[in-house]
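Novice: Take a look at the following structure, please.
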Amino acid sequence: MGFGPDGWGYSLLAATGVTVAVAGCGFLVGAMLGCLGAAASFSRFRALRSSADIYTTLLRGIPDLLVIYLFYFGSSSLISSVGALFGAEGFVGAPAFLTGALAIGVVSGAYQMQVFRGAVLALPKGEIEAGRAYGMPPLLLFRRIVLPQAARFAIPGVGNVWQLVLKESALISVIGLVELMRQAQIGAGSTRQPFSFYLTAGVLYLLIAFVSGRGFKLAEQRAMRGIRRAV
Amino acid sequence: MPFDLPFLAESFVALLKGIPLTLQLTVLSVVAGGILAFALAFMRISGKWWLDAPAQFYIFVFRGTPLLVQIYIIYYGLSQFPVLRHSFLWPFLREAYWCAVLALAFNTAAYSAEIIRGGLLSVPAGQVEAARACGMSGLLLFRRIVMPLALRQMLPGYSNEIILMVKSTALASTITLLEITGIAAKLISESYRPVEVFICAGAIYLAINFLVARLFAWLEYTVSPETRKPEERRA
């Protein structure tokens, strides 16, 4: 431990950066999927509605670790078989950052979809009716009326999902991405001080969670500044 | 990718063997964690800062760090201390099984404590006042009035937590336990057929979680007769 020439400090900090990056990418992928899913769940078409429903039910009912395995081994075996077509032999691993971020993105999308759905449902109906009465077409109505208000309602829920994603990102260590958890494993293995390393990793995770939690709180306060509170 | 039905059936049967371990881990850790959670919730609402602060800190730490870190600290980390290695606890802490139960229990205790606290705080003050006016106090008041109302309030939140726990037991596979996900990972690395194995394992988890959700929906229905419409009530 420490920042000396043979200290692990810098590699742990770099790994913390990787953790933030992979969790951030997964979170963004999830935000996009969540938006699509929420939009589909309000659709006029039954097929879209039920596929959104199946997506969120499935992905919230299956362990994240299993999804990460599926993405990693699934894409690896796909790459390997494509490689075999061109004469390459053996197992080719898929890039861990990409598959990991996609896997936690798909999982967090299922949660974010619920958050976005709840936020849209929390809008007073009259707002939308008023928008329609002014003759706004659906996209304009969404951009001007729904999005600004729903985003405000969604911030606390989205903050929760971010904390979830951050902690899930530790699971990506099982497919070999050197993020905080994996770096702590490596350090623990070569110094035989597992407790110190995992404790440090835990403290760093707490730090990220704390700082980003603060960020979400500020964002919420700013978004709510024009709202009168009942309590 | 051609679908191989015999292989699908074969992996399904192999994965079924993981169900008892998954359920054991869930039940043991939910029970142990539940007891700890009650203690933490009472510390939180005690109104004494020296009880409240440690409970808050515990909840902050266990909710803010990944479960994987907690499992690794207990399973790998504790061996760093010779004192522990030579203590009477070592036969337990050496076993991946008990480490997983311990980590899961500590983890769920932090989440459940807040659910229980929310339930306890939701009991209307008037109910407690009325009970006091009837002469109930202390444990009797708690057993007859506060607990039934609080339990009912926290059922939905608690069912979510238990479904999360069923999913969390998958992490026990990272410390060598062969529960459903452990077996799935083994099958995948032996056969290189992730999709089939994933479908089987996913279906099993979904079935378990569906049953848990139904069970809690039934519990909720049973304990809240007064919220139903009159014609639905059975005398």
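Ligands are numbered from 1 in the order shown, chains are lettered A, B, ... in the order of the structure tokens, and residues start at 1 in each chain.
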Could you name the residues that touch region 68-83 of chain A at 6 Å or less, counting only C-alpha atoms, but leaving out those on the same chain fewer than 3 positions away, as a ChimeraX atom specification?
Specialist: /A:65,86,88,91-94,99,103 /B:194
Novice: Could those residues be written to a file, using N, CA and C atoms, as a CSV table (one decimal), in the first residue's frame?
Specialist:
chain,number,residue,atom,x,y,z
A,65,LEU,N,-24.6,-11.2,-12.4
A,65,LEU,CA,-23.4,-12.0,-12.7
A,65,LEU,C,-23.7,-12.9,-13.9
A,86,PHE,N,-11.9,-17.7,-40.4
A,86,PHE,CA,-10.7,-17.2,-41.1
A,86,PHE,C,-9.4,-17.9,-40.7
A,88,ALA,N,-8.3,-18.8,-37.6
A,88,ALA,CA,-7.8,-18.7,-36.3
A,88,ALA,C,-8.2,-19.8,-35.4
A,91,PHE,N,-9.8,-20.1,-28.4
A,91,PHE,CA,-10.8,-19.2,-27.8
A,91,PHE,C,-10.2,-17.7,-27.9
A,92,VAL,N,-11.1,-16.9,-28.4
A,92,VAL,CA,-10.7,-15.5,-28.5
A,92,VAL,C,-11.6,-14.7,-27.5
A,93,GLY,N,-11.0,-14.1,-26.5
A,93,GLY,CA,-11.9,-13.4,-25.5
A,93,GLY,C,-12.4,-12.1,-26.1
A,94,ALA,N,-13.6,-11.7,-25.7
A,94,ALA,CA,-14.2,-10.5,-26.2
A,94,ALA,C,-13.6,-9.4,-25.3
A,99,THR,N,-17.9,-5.5,-23.2
A,99,THR,CA,-18.9,-6.5,-22.8
A,99,THR,C,-19.4,-6.2,-21.4
A,103,ALA,N,-23.2,-5.3,-20.5
A,103,ALA,CA,-23.9,-6.1,-19.6
A,103,ALA,C,-24.6,-5.3,-18.5
B,194,PRO,N,-22.8,-20.6,-24.0
B,194,PRO,CA,-23.4,-19.7,-23.0
B,194,PRO,C,-24.9,-19.5,-23.1
Novice: Output as number ranges by chain the set of chain A residues within 8 Å of chain B, with distances taken over only C-alpha atoms.
Specialist: A: 58, 61-67, 69-70, 73-74, 77, 163, 166-168, 170-171, 174, 181, 192-196, 198-199, 201-203, 205-206, 209-210
Novice: So that I have them on file, write out the residues from the current selection with N, CA and C atoms, as an mmCIF file, in the first residue's frame.
Specialist:
data_model
loop_
_atom_site.group_PDB
_atom_site.id
_atom_site.type_symbol
_atom_site.label_atom_id
_atom_site.label_comp_id
_atom_site.auth_asym_id
_atom_site.auth_seq_id
_atom_site.Cartn_x
_atom_site.Cartn_y
_atom_site.Cartn_z
ATOM 1 N N LEU A 58 -37.593 -9.750 -17.034
ATOM 2 C CA LEU A 58 -36.502 -10.717 -17.146
ATOM 3 C C LEU A 58 -35.224 -10.193 -16.500
ATOM 4 N N GLY A 61 -35.076 -10.000 -12.842
ATOM 5 C CA GLY A 61 -35.244 -11.248 -12.106
ATOM 6 C C GLY A 61 -34.052 -12.180 -12.185
ATOM 7 N N ILE A 62 -33.070 -11.833 -13.014
ATOM 8 C CA ILE A 62 -31.917 -12.722 -13.220
ATOM 9 C C ILE A 62 -30.676 -12.063 -12.620
ATOM 10 N N PRO A 63 -29.827 -12.844 -11.942
ATOM 11 C CA PRO A 63 -28.640 -12.245 -11.338
ATOM 12 C C PRO A 63 -27.750 -11.564 -12.380
ATOM 13 N N ASP A 64 -27.186 -10.415 -11.992
ATOM 14 C CA ASP A 64 -26.342 -9.646 -12.901
ATOM 15 C C ASP A 64 -25.117 -10.446 -13.335
ATOM 16 N N LEU A 65 -24.617 -11.249 -12.405
ATOM 17 C CA LEU A 65 -23.421 -12.025 -12.695
ATOM 18 C C LEU A 65 -23.667 -12.940 -13.886
ATOM 19 N N LEU A 66 -24.861 -13.525 -13.918
ATOM 20 C CA LEU A 66 -25.227 -14.437 -15.003
ATOM 21 C C LEU A 66 -25.273 -13.675 -16.329
ATOM 22 N N VAL A 67 -25.797 -12.436 -16.286
ATOM 23 C CA VAL A 67 -25.874 -11.632 -17.507
ATOM 24 C C VAL A 67 -24.473 -11.290 -17.996
ATOM 25 N N TYR A 69 -21.754 -13.045 -17.481
ATOM 26 C CA TYR A 69 -21.218 -14.272 -18.084
ATOM 27 C C TYR A 69 -21.763 -14.456 -19.489
ATOM 28 N N LEU A 70 -23.078 -14.268 -19.647
ATOM 29 C CA LEU A 70 -23.700 -14.468 -20.964
ATOM 30 C C LEU A 70 -23.059 -13.545 -21.988
ATOM 31 N N PHE A 73 -19.110 -14.609 -22.461
ATOM 32 C CA PHE A 73 -18.885 -15.875 -23.151
ATOM 33 C C PHE A 73 -19.654 -15.921 -24.459
ATOM 34 N N GLY A 74 -20.816 -15.300 -24.483
ATOM 35 C CA GLY A 74 -21.593 -15.270 -25.720
ATOM 36 C C GLY A 74 -20.846 -14.554 -26.823
ATOM 37 N N SER A 77 -17.642 -16.467 -27.821
ATOM 38 C CA SER A 77 -17.776 -17.640 -28.684
ATOM 39 C C SER A 77 -18.186 -17.219 -30.092
ATOM 40 N N GLN A 163 -26.041 4.224 -8.055
ATOM 41 C CA GLN A 163 -25.338 3.552 -6.955
ATOM 42 C C GLN A 163 -25.313 2.042 -7.190
ATOM 43 N N LEU A 166 -22.795 1.263 -9.929
ATOM 44 C CA LEU A 166 -21.437 1.386 -9.417
ATOM 45 C C LEU A 166 -21.021 0.113 -8.695
ATOM 46 N N LYS A 167 -21.924 -0.414 -7.882
ATOM 47 C CA LYS A 167 -21.595 -1.620 -7.125
ATOM 48 C C LYS A 167 -21.590 -2.852 -8.025
ATOM 49 N N GLU A 168 -22.477 -2.858 -9.012
ATOM 50 C CA GLU A 168 -22.481 -3.981 -9.954
ATOM 51 C C GLU A 168 -21.191 -4.034 -10.743
ATOM 52 N N ALA A 170 -18.357 -3.922 -9.912
ATOM 53 C CA ALA A 170 -17.344 -4.788 -9.287
ATOM 54 C C ALA A 170 -17.405 -6.192 -9.858
ATOM 55 N N LEU A 171 -18.586 -6.594 -10.342
ATOM 56 C CA LEU A 171 -18.739 -7.954 -10.872
ATOM 57 C C LEU A 171 -17.995 -8.138 -12.180
ATOM 58 N N VAL A 174 -14.878 -10.371 -12.709
ATOM 59 C CA VAL A 174 -14.829 -11.814 -12.981
ATOM 60 C C VAL A 174 -14.485 -12.109 -14.429
ATOM 61 N N MET A 181 -11.911 -3.613 -8.276
ATOM 62 C CA MET A 181 -12.004 -4.909 -7.603
ATOM 63 C C MET A 181 -10.906 -5.855 -8.057
ATOM 64 N N ARG A 192 -0.053 -10.752 -0.328
ATOM 65 C CA ARG A 192 -0.637 -11.574 0.732
ATOM 66 C C ARG A 192 -1.224 -10.720 1.856
ATOM 67 N N GLN A 193 -1.782 -9.592 1.465
ATOM 68 C CA GLN A 193 -2.497 -8.764 2.452
ATOM 69 C C GLN A 193 -3.916 -8.529 1.954
ATOM 70 N N PRO A 194 -4.687 -9.612 1.839
ATOM 71 C CA PRO A 194 -6.015 -9.449 1.233
ATOM 72 C C PRO A 194 -6.897 -8.461 1.981
ATOM 73 N N PHE A 195 -6.836 -8.477 3.315
ATOM 74 C CA PHE A 195 -7.734 -7.612 4.072
ATOM 75 C C PHE A 195 -7.473 -6.150 3.743
ATOM 76 N N SER A 196 -6.174 -5.772 3.780
ATOM 77 C CA SER A 196 -5.846 -4.370 3.534
ATOM 78 C C SER A 196 -6.318 -3.942 2.156
ATOM 79 N N TYR A 198 -8.702 -5.319 0.080
ATOM 80 C CA TYR A 198 -10.147 -5.275 -0.126
ATOM 81 C C TYR A 198 -10.770 -4.148 0.688
ATOM 82 N N LEU A 199 -10.174 -3.877 1.872
ATOM 83 C CA LEU A 199 -10.691 -2.765 2.669
ATOM 84 C C LEU A 199 -10.477 -1.447 1.918
ATOM 85 N N ALA A 201 -10.217 -1.073 -1.277
ATOM 86 C CA ALA A 201 -11.173 -1.039 -2.390
ATOM 87 C C ALA A 201 -12.541 -0.611 -1.878
ATOM 88 N N GLY A 202 -12.943 -1.180 -0.735
ATOM 89 C CA GLY A 202 -14.242 -0.820 -0.168
ATOM 90 C C GLY A 202 -14.323 0.663 0.131
ATOM 91 N N VAL A 203 -13.232 1.212 0.719
ATOM 92 C CA VAL A 203 -13.235 2.637 1.058
ATOM 93 C C VAL A 203 -13.328 3.480 -0.210
ATOM 94 N N TYR A 205 -14.719 2.605 -3.057
ATOM 95 C CA TYR A 205 -16.106 2.524 -3.554
ATOM 96 C C TYR A 205 -17.004 3.461 -2.757
ATOM 97 N N LEU A 206 -16.817 3.464 -1.420
ATOM 98 C CA LEU A 206 -17.628 4.346 -0.568
ATOM 99 C C LEU A 206 -17.436 5.796 -0.977
ATOM 100 N N ALA A 209 -19.222 6.517 -4.148
ATOM 101 C CA ALA A 209 -20.662 6.537 -3.885
ATOM 102 C C ALA A 209 -21.041 7.823 -3.164
ATOM 103 N N PHE A 210 -20.203 8.232 -2.203
ATOM 104 C CA PHE A 210 -20.505 9.413 -1.414
ATOM 105 C C PHE A 210 -20.475 10.667 -2.281
#
Novice: Need the shell around Met147 (chain B): protein/DNA/RNA residues with any atom at most 9 Å away, counting only C-alpha atoms. Skip same-chain ones fewer than 6 positions apart. Format as a ChimeraX atom specification?
Specialist: /B:119-120,123,141
Novice: Output the selection as a PDB file, in the first residue's frame - C-alpha atoms for each residue.
Specialist:
ATOM      1  CA  GLY B 119     -42.409   0.441   8.582  1.00  0.00           C
ATOM      2  CA  LEU B 120     -42.069   1.388  12.246  1.00  0.00           C
ATOM      3  CA  VAL B 123     -47.383   3.572  12.358  1.00  0.00           C
ATOM      4  CA  LEU B 141     -48.278  -2.196  22.903  1.00  0.00           C
TER       5      LEU B 141
END
Novice: As an exercise, work out the distance from CA of Ile172 (chain A) to CA of Ser108 (chain A) in Å and give it to one decimal place.
Specialist: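 Atom-to-atom, CA of Ile172 (chain A) to CA of Ser108 (chain A), that is 13.9 Å.
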Novice: Calculate how many Å separate CA of Met136 (chain B) from CA of Ser112 (chain B), rounding to one decimal.
Specialist: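 Computed distance, CA of Met136 (chain B) to CA of Ser112 (chain B), equals 27.9 Å.
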